[in-house]
Each structure stands twice: as structure tokens, then as C-alpha cells.
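The data block below is entry08.json; it holds JSON, C-alpha atoms.
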[["chain", "number", "residue", "atom", "x", "y", "z"],
["A", 1, "GLY", "CA", 18.66, 4.64, 14.61],
["A", 2, "SER", "CA", 17.76, 7.37, 12.13],
["A", 3, "ARG", "CA", 14.30, 8.76, 11.58],
["A", 4, "ILE", "CA", 12.20, 7.07, 8.91],
["A", 5, "GLU", "CA", 10.59, 9.83, 6.89],
["A", 6, "HIS", "CA", 7.11, 8.90, 5.67],
["A", 7, "ASP", "CA", 3.74, 10.36, 4.78],
["A", 8, "PRO", "CA", 0.62, 9.22, 6.66],
["A", 9, "GLY", "CA", -0.90, 6.30, 4.75],
["A", 10, "GLN", "CA", 2.35, 4.93, 3.31],
["A", 11, "PHE", "CA", 3.56, 1.36, 3.82],
["A", 12, "MET", "CA", 6.81, -0.57, 4.01],
["A", 13, "THR", "CA", 7.76, -3.94, 2.54],
["A", 14, "PHE", "CA", 9.39, -6.35, 4.99],
["A", 15, "ARG", "CA", 11.65, -9.24, 3.97],
["A", 16, "ILE", "CA", 11.01, -11.94, 6.52],
["A", 17, "ASP", "CA", 13.24, -15.01, 6.87],
["A", 18, "THR", "CA", 10.93, -17.92, 7.72],
["A", 19, "PRO", "CA", 11.84, -21.61, 8.12],
["A", 20, "ASP", "CA", 10.39, -22.16, 4.63],
["A", 21, "GLY", "CA", 12.47, -19.41, 3.09],
["A", 22, "PRO", "CA", 12.24, -15.62, 2.77],
["A", 23, "VAL", "CA", 8.92, -13.94, 2.07],
["A", 24, "GLU", "CA", 8.03, -10.31, 1.40],
["A", 25, "ARG", "CA", 5.02, -8.72, 3.09],
["A", 26, "CYS", "CA", 3.64, -5.18, 2.95],
["A", 27, "TYR", "CA", 2.42, -3.50, 6.14],
["A", 28, "THR", "CA", 1.02, -0.01, 6.52],
["A", 29, "ILE", "CA", 2.83, 2.37, 8.82],
["A", 30, "ALA", "CA", 0.35, 3.08, 11.61],
["A", 31, "SER", "CA", 2.40, 5.62, 13.55],
["A", 32, "SER", "CA", 2.36, 9.40, 13.23],
["A", 33, "ALA", "CA", 4.48, 10.91, 10.47],
["A", 34, "ALA", "CA", 5.14, 13.90, 12.73],
["A", 35, "ARG", "CA", 7.13, 12.05, 15.39],
["A", 36, "ASP", "CA", 10.81, 11.16, 15.53],
["A", 37, "GLY", "CA", 12.14, 7.68, 16.10],
["A", 38, "GLY", "CA", 10.93, 4.38, 14.74],
["A", 39, "ILE", "CA", 7.72, 3.37, 13.04],
["A", 40, "GLU", "CA", 4.82, 1.22, 14.16],
["A", 41, "ILE", "CA", 3.02, -1.48, 12.19],
["A", 42, "SER", "CA", -0.05, -3.43, 13.27],
["A", 43, "VAL", "CA", 0.06, -7.09, 12.24],
["A", 44, "LYS", "CA", -2.87, -9.43, 12.63],
["A", 45, "ARG", "CA", -1.96, -12.87, 13.92],
["A", 46, "GLN", "CA", -3.01, -15.29, 11.19],
["A", 47, "ALA", "CA", -1.93, -18.43, 9.39],
["A", 48, "GLY", "CA", 0.34, -16.78, 6.82],
["A", 49, "PRO", "CA", 4.10, -17.35, 7.32],
["A", 50, "GLY", "CA", 4.97, -13.64, 7.52],
["A", 51, "ALA", "CA", 2.50, -12.66, 10.25],
["A", 52, "ARG", "CA", 3.01, -15.87, 12.20],
["A", 53, "TRP", "CA", 6.80, -15.42, 12.21],
["A", 54, "LEU", "CA", 6.58, -11.80, 13.34],
["A", 55, "HIS", "CA", 4.28, -12.71, 16.23],
["A", 56, "ASP", "CA", 6.20, -15.79, 17.32],
["A", 57, "THR", "CA", 9.84, -14.77, 16.94],
["A", 58, "LEU", "CA", 10.33, -11.02, 16.61],
["A", 59, "ILE", "CA", 11.81, -9.63, 19.82],
["A", 60, "PRO", "CA", 13.45, -6.34, 20.86],
["A", 61, "GLY", "CA", 16.88, -6.07, 19.32],
["A", 62, "ALA", "CA", 16.13, -8.28, 16.33],
["A", 63, "VAL", "CA", 17.14, -7.04, 12.89],
["A", 64, "ILE", "CA", 14.69, -7.12, 9.99],
["A", 65, "GLU", "CA", 15.13, -5.82, 6.45],
["A", 66, "ALA", "CA", 12.54, -3.35, 5.18],
["A", 67, "LEU", "CA", 12.08, -1.41, 1.95],
["A", 68, "GLY", "CA", 10.27, 1.89, 1.57],
["A", 69, "PRO", "CA", 8.32, 3.82, 2.65],
["A", 70, "SER", "CA", 6.17, 3.50, -0.48],
["A", 71, "GLY", "CA", 2.68, 4.28, -1.67],
["A", 72, "ARG", "CA", 0.60, 7.30, -2.62],
["A", 73, "PHE", "CA", -2.36, 6.84, -0.27],
["A", 74, "GLY", "CA", -3.34, 9.64, 2.08],
["A", 75, "PRO", "CA", -3.64, 13.40, 2.46],
["A", 76, "ALA", "CA", -0.14, 14.05, 1.07],
["A", 77, "THR", "CA", -1.31, 13.06, -2.42],
["A", 78, "ARG", "CA", -5.00, 13.95, -2.00],
["A", 79, "PRO", "CA", -5.02, 17.18, -0.01],
["A", 80, "GLY", "CA", -8.27, 18.58, 1.35],
["A", 81, "THR", "CA", -10.00, 19.87, 4.45],
["A", 82, "ALA", "CA", -12.92, 17.41, 4.59],
["A", 83, "TYR", "CA", -12.35, 13.65, 4.52],
["A", 84, "ALA", "CA", -14.29, 10.41, 4.71],
["A", 85, "LEU", "CA", -11.93, 7.71, 5.97],
["A", 86, "VAL", "CA", -13.65, 4.39, 5.26],
["A", 87, "SER", "CA", -12.03, 1.28, 6.73],
["A", 88, "ALA", "CA", -12.82, -2.36, 7.37],
["A", 89, "GLY", "CA", -10.82, -4.74, 9.56],
["A", 90, "SER", "CA", -7.08, -4.03, 9.53],
["A", 91, "GLY", "CA", -7.78, -1.27, 7.01],
["A", 92, "ILE", "CA", -7.93, 1.01, 10.03],
["A", 93, "THR", "CA", -4.11, 1.11, 10.23],
["A", 94, "PRO", "CA", -3.44, 3.80, 7.57],
["A", 95, "MET", "CA", -6.34, 5.79, 9.04],
["A", 96, "LEU", "CA", -4.61, 5.69, 12.43],
["A", 97, "SER", "CA", -1.49, 7.19, 10.88],
["A", 98, "ILE", "CA", -3.58, 9.93, 9.26],
["A", 99, "LEU", "CA", -5.38, 10.74, 12.53],
["A", 100, "ARG", "CA", -2.24, 10.60, 14.67],
["A", 101, "THR", "CA", -0.36, 12.84, 12.25],
["A", 102, "ALA", "CA", -3.21, 15.37, 12.03],
["A", 103, "ALA", "CA", -3.45, 15.54, 15.83],
["A", 104, "ASP", "CA", 0.33, 15.94, 16.28],
["A", 105, "ARG", "CA", 0.48, 18.70, 13.69],
["A", 106, "GLY", "CA", -2.61, 20.51, 15.00],
["A", 107, "MET", "CA", -4.43, 20.22, 11.68],
["A", 108, "ASP", "CA", -8.07, 21.34, 11.77],
["A", 109, "LEU", "CA", -9.52, 18.67, 9.50],
["A", 110, "ASP", "CA", -13.18, 17.75, 9.08],
["A", 111, "ILE", "CA", -13.01, 13.93, 9.27],
["A", 112, "VAL", "CA", -15.68, 11.24, 9.27],
["A", 113, "LEU", "CA", -14.06, 7.93, 10.22],
["A", 114, "ILE", "CA", -16.03, 4.79, 9.38],
["A", 115, "GLN", "CA", -14.65, 1.68, 11.06],
["A", 116, "VAL", "CA", -16.23, -1.65, 10.08],
["A", 117, "ALA", "CA", -15.56, -4.81, 12.11],
["A", 118, "PRO", "CA", -17.37, -8.11, 12.76],
["A", 119, "THR", "CA", -17.80, -7.59, 16.53],
["A", 120, "PRO", "CA", -17.04, -4.87, 19.08],
["A", 121, "ALA", "CA", -14.01, -6.91, 20.20],
["A", 122, "ASP", "CA", -12.58, -6.62, 16.66],
["A", 123, "LEU", "CA", -12.58, -2.80, 16.68],
["A", 124, "ILE", "CA", -8.96, -1.66, 16.79],
["A", 125, "ALA", "CA", -7.73, 1.31, 18.87],
["A", 126, "THR", "CA", -11.18, 2.59, 19.83],
["A", 127, "SER", "CA", -9.99, 4.12, 23.11],
["A", 128, "GLU", "CA", -7.17, 5.93, 21.35],
["A", 129, "ILE", "CA", -9.53, 7.21, 18.66],
["A", 130, "ASP", "CA", -11.77, 8.57, 21.41],
["A", 131, "GLY", "CA", -8.73, 10.39, 22.79],
["A", 132, "LEU", "CA", -7.79, 11.73, 19.37],
["A", 133, "SER", "CA", -11.32, 13.09, 18.95],
["A", 134, "ARG", "CA", -10.63, 15.46, 21.84],
["A", 135, "ARG", "CA", -7.66, 16.86, 19.90],
["A", 136, "LEU", "CA", -9.38, 16.72, 16.50],
["A", 137, "ARG", "CA", -12.58, 18.59, 17.29],
["A", 138, "ARG", "CA", -14.19, 17.85, 13.93],
["A", 139, "LEU", "CA", -13.51, 14.11, 13.98],
["A", 140, "VAL", "CA", -16.65, 11.95, 13.91],
["A", 141, "HIS", "CA", -16.03, 8.25, 14.61],
["A", 142, "LEU", "CA", -18.70, 5.84, 13.29],
["A", 143, "PRO", "CA", -18.00, 2.20, 14.26],
["A", 144, "ILE", "CA", -20.11, -0.36, 12.38],
["A", 145, "ILE", "CA", -20.60, -3.94, 13.59],
["A", 146, "THR", "CA", -21.57, -6.56, 11.01],
["A", 147, "ARG", "CA", -22.32, -9.64, 13.17],
["A", 148, "GLY", "CA", -24.50, -10.45, 16.15],
["A", 149, "PRO", "CA", -27.41, -8.41, 17.54],
["A", 150, "GLY", "CA", -27.73, -5.12, 15.75],
["A", 151, "GLY", "CA", -25.21, -6.10, 13.09],
["A", 152, "VAL", "CA", -25.62, -4.37, 9.73],
["A", 153, "ARG", "CA", -24.30, -4.98, 6.25],
["A", 154, "PRO", "CA", -22.17, -2.11, 4.93],
["A", 155, "ASP", "CA", -23.53, -1.11, 1.55],
["A", 156, "ALA", "CA", -24.11, 1.94, -0.61],
["A", 157, "ASP", "CA", -27.38, 2.85, 1.12],
["A", 158, "LEU", "CA", -25.76, 2.79, 4.56],
["A", 159, "LEU", "CA", -22.75, 4.79, 3.40],
["A", 160, "ASN", "CA", -24.93, 7.49, 1.85],
["A", 161, "ARG", "CA", -27.10, 7.70, 4.95],
["A", 162, "ILE", "CA", -24.29, 8.11, 7.46],
["A", 163, "VAL", "CA", -22.21, 10.42, 5.22],
["A", 164, "PRO", "CA", -24.83, 12.49, 3.36],
["A", 165, "ASP", "CA", -22.18, 14.96, 2.13],
["A", 166, "LEU", "CA", -19.95, 12.22, 0.69],
["A", 167, "ALA", "CA", -19.67, 14.06, -2.64],
["A", 168, "ASP", "CA", -18.06, 17.04, -0.89],
["A", 169, "ARG", "CA", -15.34, 14.98, 0.82],
["A", 170, "THR", "CA", -12.08, 13.37, -0.17],
["A", 171, "VAL", "CA", -12.70, 9.64, 0.29],
["A", 172, "LEU", "CA", -9.90, 7.33, 1.42],
["A", 173, "CYS", "CA", -10.71, 3.63, 1.72],
["A", 174, "CYS", "CA", -8.83, 0.57, 2.97],
["A", 175, "GLY", "CA", -10.21, -2.92, 3.55],
["A", 176, "PRO", "CA", -11.01, -6.21, 1.80],
["A", 177, "ARG", "CA", -11.36, -6.15, -1.97],
["A", 178, "GLY", "CA", -15.16, -6.55, -2.11],
["A", 179, "PHE", "CA", -15.64, -3.83, 0.50],
["A", 180, "MET", "CA", -13.44, -1.40, -1.42],
["A", 181, "ASP", "CA", -15.27, -2.21, -4.66],
["A", 182, "MET", "CA", -18.53, -1.17, -2.96],
["A", 183, "VAL", "CA", -17.08, 2.04, -1.51],
["A", 184, "ARG", "CA", -15.49, 3.00, -4.83],
["A", 185, "ALA", "CA", -18.74, 2.48, -6.74],
["A", 186, "THR", "CA", -20.70, 4.41, -4.11],
["A", 187, "ALA", "CA", -18.28, 7.33, -4.13],
["A", 188, "HIS", "CA", -18.32, 7.45, -7.94],
["A", 189, "ALA", "CA", -22.13, 7.39, -8.03],
["A", 190, "ALA", "CA", -22.24, 10.18, -5.44],
["A", 191, "GLY", "CA", -20.06, 12.36, -7.66],
["A", 192, "VAL", "CA", -16.68, 12.07, -5.93],
["A", 193, "PRO", "CA", -14.10, 12.81, -8.65],
["A", 194, "ALA", "CA", -11.20, 10.44, -9.22],
["A", 195, "ASP", "CA", -8.63, 12.86, -7.81],
["A", 196, "ARG", "CA", -10.53, 12.89, -4.50],
["A", 197, "TYR", "CA", -10.77, 9.12, -4.12],
["A", 198, "GLY", "CA", -7.95, 6.85, -2.98],
["A", 199, "GLU", "CA", -7.60, 3.32, -1.70],
["A", 200, "GLU", "CA", -4.88, 1.10, -0.31],
["A", 201, "SER", "CA", -4.86, -2.64, -0.81],
["A", 202, "PHE", "CA", -2.33, -5.40, -0.47],
["A", 203, "ASP", "CA", -4.50, -7.92, -2.34],
["A", 204, "PHE", "CA", -1.98, -8.84, -5.02],
["A", 205, "SER", "CA", -3.86, -11.86, -6.35],
["A", 206, "SER", "CA", -4.30, -10.21, -9.77],
["A", 207, "PRO", "CA", -0.91, -9.01, -11.04],
["A", 208, "VAL", "CA", -0.59, -6.53, -13.89],
["A", 209, "PRO", "CA", -1.30, -8.52, -17.08],
["A", 210, "ASP", "CA", 1.12, -8.56, -19.97],
["A", 211, "ALA", "CA", 0.00, -6.99, -23.19],
["A", 212, "VAL", "CA", -0.94, -9.37, -25.99],
["A", 213, "ALA", "CA", 2.05, -10.15, -28.16],
["A", 214, "GLY", "CA", 1.68, -10.06, -31.91],
["A", 215, "VAL", "CA", 3.54, -12.15, -34.45],
["A", 216, "ASP", "CA", 5.94, -9.28, -35.13],
["A", 217, "THR", "CA", 6.56, -8.38, -31.48],
["A", 218, "PRO", "CA", 10.33, -8.09, -31.02],
["A", 219, "ASN", "CA", 12.19, -9.76, -28.19],
["A", 220, "ARG", "CA", 14.82, -7.90, -26.18],
["A", 221, "THR", "CA", 17.73, -9.42, -24.29],
["A", 222, "VAL", "CA", 17.92, -8.72, -20.56],
["A", 223, "THR", "CA", 21.33, -9.37, -19.02],
["A", 224, "PHE", "CA", 22.34, -9.56, -15.35],
["A", 225, "ALA", "CA", 25.59, -7.59, -15.03],
["A", 226, "ARG", "CA", 26.91, -9.47, -11.99],
["A", 227, "SER", "CA", 26.11, -13.06, -12.91],
["A", 228, "GLY", "CA", 26.28, -12.65, -16.69],
["A", 229, "ARG", "CA", 23.01, -14.58, -17.09],
["A", 230, "SER", "CA", 20.54, -13.37, -19.70],
["A", 231, "PHE", "CA", 17.04, -14.10, -20.95],
["A", 232, "GLU", "CA", 14.69, -12.95, -23.68],
["A", 233, "CYS", "CA", 11.80, -10.60, -22.94],
["A", 234, "ALA", "CA", 9.14, -9.55, -25.43],
["A", 235, "GLU", "CA", 8.44, -5.82, -25.62],
["A", 236, "THR", "CA", 4.87, -6.59, -24.50],
["A", 237, "SER", "CA", 5.99, -8.52, -21.40],
["A", 238, "THR", "CA", 7.12, -7.15, -18.06],
["A", 239, "ILE", "CA", 10.73, -7.91, -17.26],
["A", 240, "LEU", "CA", 9.69, -9.65, -14.03],
["A", 241, "ALA", "CA", 7.29, -11.99, -15.85],
["A", 242, "ALA", "CA", 9.95, -12.97, -18.37],
["A", 243, "LEU", "CA", 12.51, -13.37, -15.61],
["A", 244, "LYS", "CA", 10.28, -15.77, -13.69],
["A", 245, "GLU", "CA", 9.52, -17.71, -16.87],
["A", 246, "ALA", "CA", 13.29, -18.10, -17.34],
["A", 247, "GLY", "CA", 13.57, -19.44, -13.78],
["A", 248, "LEU", "CA", 15.83, -16.65, -12.53],
["A", 249, "PRO", "CA", 15.51, -15.30, -8.97],
["A", 250, "LEU", "CA", 14.55, -11.73, -8.07],
["A", 251, "PRO", "CA", 12.78, -10.69, -4.85],
["A", 252, "SER", "CA", 9.28, -9.41, -5.58],
["A", 253, "SER", "CA", 5.97, -9.01, -3.81],
["A", 254, "CYS", "CA", 3.10, -7.01, -5.27],
["A", 255, "ALA", "CA", 3.94, -7.24, -9.02],
["A", 256, "ARG", "CA", 2.00, -3.97, -9.45],
["A", 257, "GLY", "CA", 4.64, -1.30, -8.98],
["A", 258, "MET", "CA", 3.46, -0.49, -5.46],
["A", 259, "CYS", "CA", 5.80, -2.04, -2.93],
["A", 260, "GLY", "CA", 9.26, -1.44, -4.38],
["A", 261, "THR", "CA", 10.52, -4.93, -3.47],
["A", 262, "CYS", "CA", 11.92, -5.65, -6.94],
["A", 263, "LYS", "CA", 13.61, -2.25, -7.38],
["A", 264, "THR", "CA", 16.75, -2.77, -9.47],
["A", 265, "PHE", "CA", 19.44, -0.54, -10.95],
["A", 266, "LYS", "CA", 19.47, -0.43, -14.75],
["A", 267, "HIS", "CA", 22.96, -0.02, -16.24],
["A", 268, "ALA", "CA", 21.84, 0.30, -19.85],
["A", 269, "GLY", "CA", 18.80, 0.24, -22.08],
["A", 270, "GLU", "CA", 15.38, 1.85, -22.22],
["A", 271, "VAL", "CA", 12.10, 0.70, -20.65],
["A", 272, "VAL", "CA", 8.54, 1.94, -20.35],
["A", 273, "MET", "CA", 7.41, 1.84, -16.72],
["A", 274, "ALA", "CA", 3.97, 2.53, -15.20],
["A", 275, "HIS", "CA", 4.34, 2.30, -11.43],
["A", 276, "GLU", "CA", 1.96, 2.88, -8.51],
["A", 277, "GLY", "CA", 4.22, 4.69, -6.08],
["A", 278, "GLY", "CA", 6.79, 1.98, -5.39],
["A", 279, "ILE", "CA", 9.66, 4.10, -6.68],
["A", 280, "ARG", "CA", 10.53, 7.77, -6.28],
["A", 281, "GLN", "CA", 11.36, 10.14, -9.11],
["A", 282, "ARG", "CA", 14.87, 10.72, -7.78],
["A", 283, "GLU", "CA", 15.46, 6.96, -7.89],
["A", 284, "ILE", "CA", 14.21, 6.82, -11.49],
["A", 285, "ASP", "CA", 16.52, 9.71, -12.36],
["A", 286, "ARG", "CA", 19.45, 7.73, -10.91],
["A", 287, "GLY", "CA", 18.61, 4.71, -13.11],
["A", 288, "PHE", "CA", 16.45, 2.43, -10.96],
["A", 289, "ILE", "CA", 13.41, 0.61, -12.33],
["A", 290, "LEU", "CA", 10.69, -1.73, -11.09],
["A", 291, "PRO", "CA", 10.93, -4.85, -13.29],
["A", 292, "CYS", "CA", 7.37, -5.85, -12.33],
["A", 293, "VAL", "CA", 5.91, -2.94, -14.32],
["A", 294, "SER", "CA", 8.74, -2.28, -16.79],
["A", 295, "ARG", "CA", 8.64, -3.43, -20.40],
["A", 296, "PRO", "CA", 11.84, -3.30, -22.49],
["A", 297, "LEU", "CA", 12.17, -1.02, -25.50],
["A", 298, "THR", "CA", 15.78, -2.06, -26.13],
["A", 299, "ASP", "CA", 18.24, -4.64, -24.78],
["A", 300, "ILE", "CA", 18.61, -4.14, -21.01],
["A", 301, "ILE", "CA", 21.45, -4.63, -18.53],
["A", 302, "LEU", "CA", 20.41, -4.90, -14.86],
["A", 303, "ASP", "CA", 22.58, -4.84, -11.76],
["A", 304, "CYS", "CA", 21.86, -8.40, -10.62]]

Before anything else, please render the file you have as C-alpha cells.
Amino acid sequence: GSRIEHDPGQFMTFRIDTPDGPVERCYTIASSAARDGGIEISVKRQAGPGARWLHDTLIPGAVIEALGPSGRFGPATRPGTAYALVSAGSGITPMLSILRTAADRGMDLDIVLIQVAPTPADLIATSEIDGLSRRLRRLVHLPIITRGPGGVRPDADLLNRIVPDLADRTVLCCGPRGFMDMVRATAHAAGVPADRYGEESFDFSSPVPDAVAGVDTPNRTVTFARSGRSFECAETSTILAALKEAGLPLPSSCARGMCGTCKTFKHAGEVVMAHEGGIRQREIDRGFILPCVSRPLTDIILDC
């Protein structure tokens, strides 16, 4: 019943109990960060077990476990007054949170919103965006259709033509991997510096690779305080990778330090950790780590 504090563009990780076992899925918070009460997520009905279960069985009054909010995507970490919000498909959801928050807070932002979808029927929240444009006087909404009569292919040439001042804007992008690769390359070529470019993606098909172990790479012992079980982990390996190789359970999702699903309290030992927003500094100060992006420097004791 309490308010969930979040920044526009952040996401939460949901643990979903399906008939085939629990799964973890990340969904962007689409609702305004300026309003009290609950949060809103927008979930596309598709074949995956997480989305299918949410659509088929989640009803008012149901209880679901969620972790977060997490992530460093949005104006809170890339402040500015002029933005290009570039989305494709369900990538519009963090943009909706940004727009809704800006409108609720009366922020006078110069925003170009590019919304790519296969057909007009696939454009999400167009009527609401039209309403928001009356509150955000400098919002320009540019829907782009890729299929059927008049369909165009989003590419660097199109992006530069419809946003000629791209280099002067903070660029935030969310969409399929190939689409984001194109937008990132276009923004870089236009002169957008790295601190004014951000993207959000839940394509976790390429986890953070382990470093290459040498012949003299030492192993460290990782022990679970509760169960007493232990396993060896090379200093060049992430703790999560070694844990999975040992066949021990630990909930995880992104394996990139973004979602916070594997967050675990560390009783003892030292690690090196390079996360992507899935853990807060105050949690690190208290002793928590993300095993998916933590490599041991000494023997480790975890609260598992």
C-alpha cells in the first residue's frame, strides 16, 4: 500500500510463478513518477511464460513479488532541456513514463518523440500522447509506420532528416537490439556525446563474459552461510557463473548487473563489482552485492 518511489525510465523485476516454475522478467514502469499510489507496466501478450501468465491469470487482489525499481535510463541520470526520445514497439513504455512525469511536474522540456511501429494499430497510447502534447507545448510526436502503404524503414538518413538538430539533444532510445544499434551509431556520428546518450534494453541474450583465466589465476571459495554449501570461483569468473557451474540455485535474470534479481548480502570477503544500476550505493554500503557482475578477490561468505 505504500508509494513506490521511482525515476521515469526505471524498471522493476517481477518473479512470476508459472506452471513450469518461477521465472524473472523485467518490465519498465510506464506510469508517472510524480503520482502517488501504485505503478503501471505495459506487457505485450506473447508466447513467453511470463507475459502469458500475467495476461491469463493476474487479477485484482493477486500478490506478485517484485524487485526494484532499478536502472539508470532517463532524465534523472541524463538531465537536459532538449530530448530526442526514440522508441520502437514496446520501447515506448519508458518514454510514456518520461512524458507523464514531465507533464505532471509542469516541466518545460523540448521533446521530439519518435515512435516506430509496424502498423497504425500497433502504435501504443497515441490518443494519450496527443493529450500530453497539449500540456507539453514543445512536444513533437513523430509516429513512423514500417509496413503497408507508405511504410518506411527507420535508418540513419531518416533519423537525421526528421531530427536535424540531433547533435544538440539528449538522445534516449528503447527498442529491439538492431534498432538501438542503428540509433546509437547515428547519434555518435552526429556528435552526440556519450553522457547525452542512453538506452534501455532487456535483451539479455549476451551475458557479461568472464575474463580469460591464466594458469596462475587463483580460485576463491564461496560459501553459503545458511546452507553451508560452498564452491570454487576463479578470480576472473563472476560468482553467478561459478555458482551455476556448481549446480547451485540463485534467482537471476539479466546477468548484467541491471535488474537486481540476484542481489545478495555478503557477510565476509572482498569482490570487484561493475554493475549497471541494479543496486544502489546505500545497499552496497550495507554489504549487498550482485553476484552476476561480482568477481571474488578473497574467499566470500554469502547469505544464502

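What separates CA of Thr13 (chain A) from CA of Ala241 (chain A) is a distance of 20.1 Å.
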
### Residue contacts of Gly198 (chain A) (8 Å, only C-alpha atoms) excluding same-chain residues fewer than 3 positions away, as a ChimeraX atom specification
/A:73-74,78,171-173,194-195

### Task
Give me, please, the distance in Å between CA of Ile239 (chain A) and CA of Tyr27 (chain A), quoted to one decimal.
25.2 Å

### Query
Excluding same-chain residues fewer than 2 positions from region 217-227 of chain A, what lies within 8 Å of it counting all atoms listed in the file, as a ChimeraX atom specification?
/A:213-215,229-236,239,296-304

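Checking A:Gly131, A:Val272, A:Thr93, A:Gln281 one by one against Ser294 (chain A), counting only C-alpha atoms, you find the shortest gap at A:Val272.
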
In file coordinates, which residues lie within 8 Å of (8.5, -6.6, 6.8) using all atoms listed in the file, given as an mmCIF file with C-alpha atoms, in the coordinates of the input?
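To be explicit, this is the file written out as out10.cif:
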data_model
loop_
_atom_site.group_PDB
_atom_site.id
_atom_site.type_symbol
_atom_site.label_atom_id
_atom_site.label_comp_id
_atom_site.auth_asym_id
_atom_site.auth_seq_id
_atom_site.Cartn_x
_atom_site.Cartn_y
_atom_site.Cartn_z
ATOM 1 C CA MET A 12 6.810 -0.570 4.010
ATOM 2 C CA THR A 13 7.760 -3.940 2.540
ATOM 3 C CA PHE A 14 9.390 -6.350 4.990
ATOM 4 C CA ARG A 15 11.650 -9.240 3.970
ATOM 5 C CA ILE A 16 11.010 -11.940 6.520
ATOM 6 C CA GLU A 24 8.030 -10.310 1.400
ATOM 7 C CA ARG A 25 5.020 -8.720 3.090
ATOM 8 C CA CYS A 26 3.640 -5.180 2.950
ATOM 9 C CA TYR A 27 2.420 -3.500 6.140
ATOM 10 C CA GLY A 50 4.970 -13.640 7.520
ATOM 11 C CA ILE A 64 14.690 -7.120 9.990
ATOM 12 C CA GLU A 65 15.130 -5.820 6.450
ATOM 13 C CA ALA A 66 12.540 -3.350 5.180
ATOM 14 C CA LEU A 67 12.080 -1.410 1.950
#

#### Entry: 12 Å contact set for region 276-279 of chain A, only C-alpha atoms, chain neighbours under 2 positions out, as a PyMOL selection string
chain A and resi 10-13+26+67-73+77+199-201+208+252-265+273-274+281-294

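For the pair CA of Ile114 (chain A) and CA of Thr186 (chain A), the interatomic distance is 14.3 Å.
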
### Query
Between A:Ala189, A:Val152, A:Leu248, A:Ala82, which one has atoms that come closest to Asp168 (chain A), using all atoms listed in the file?
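Smallest separation from Asp168 (chain A) among the options: A:Ala82.
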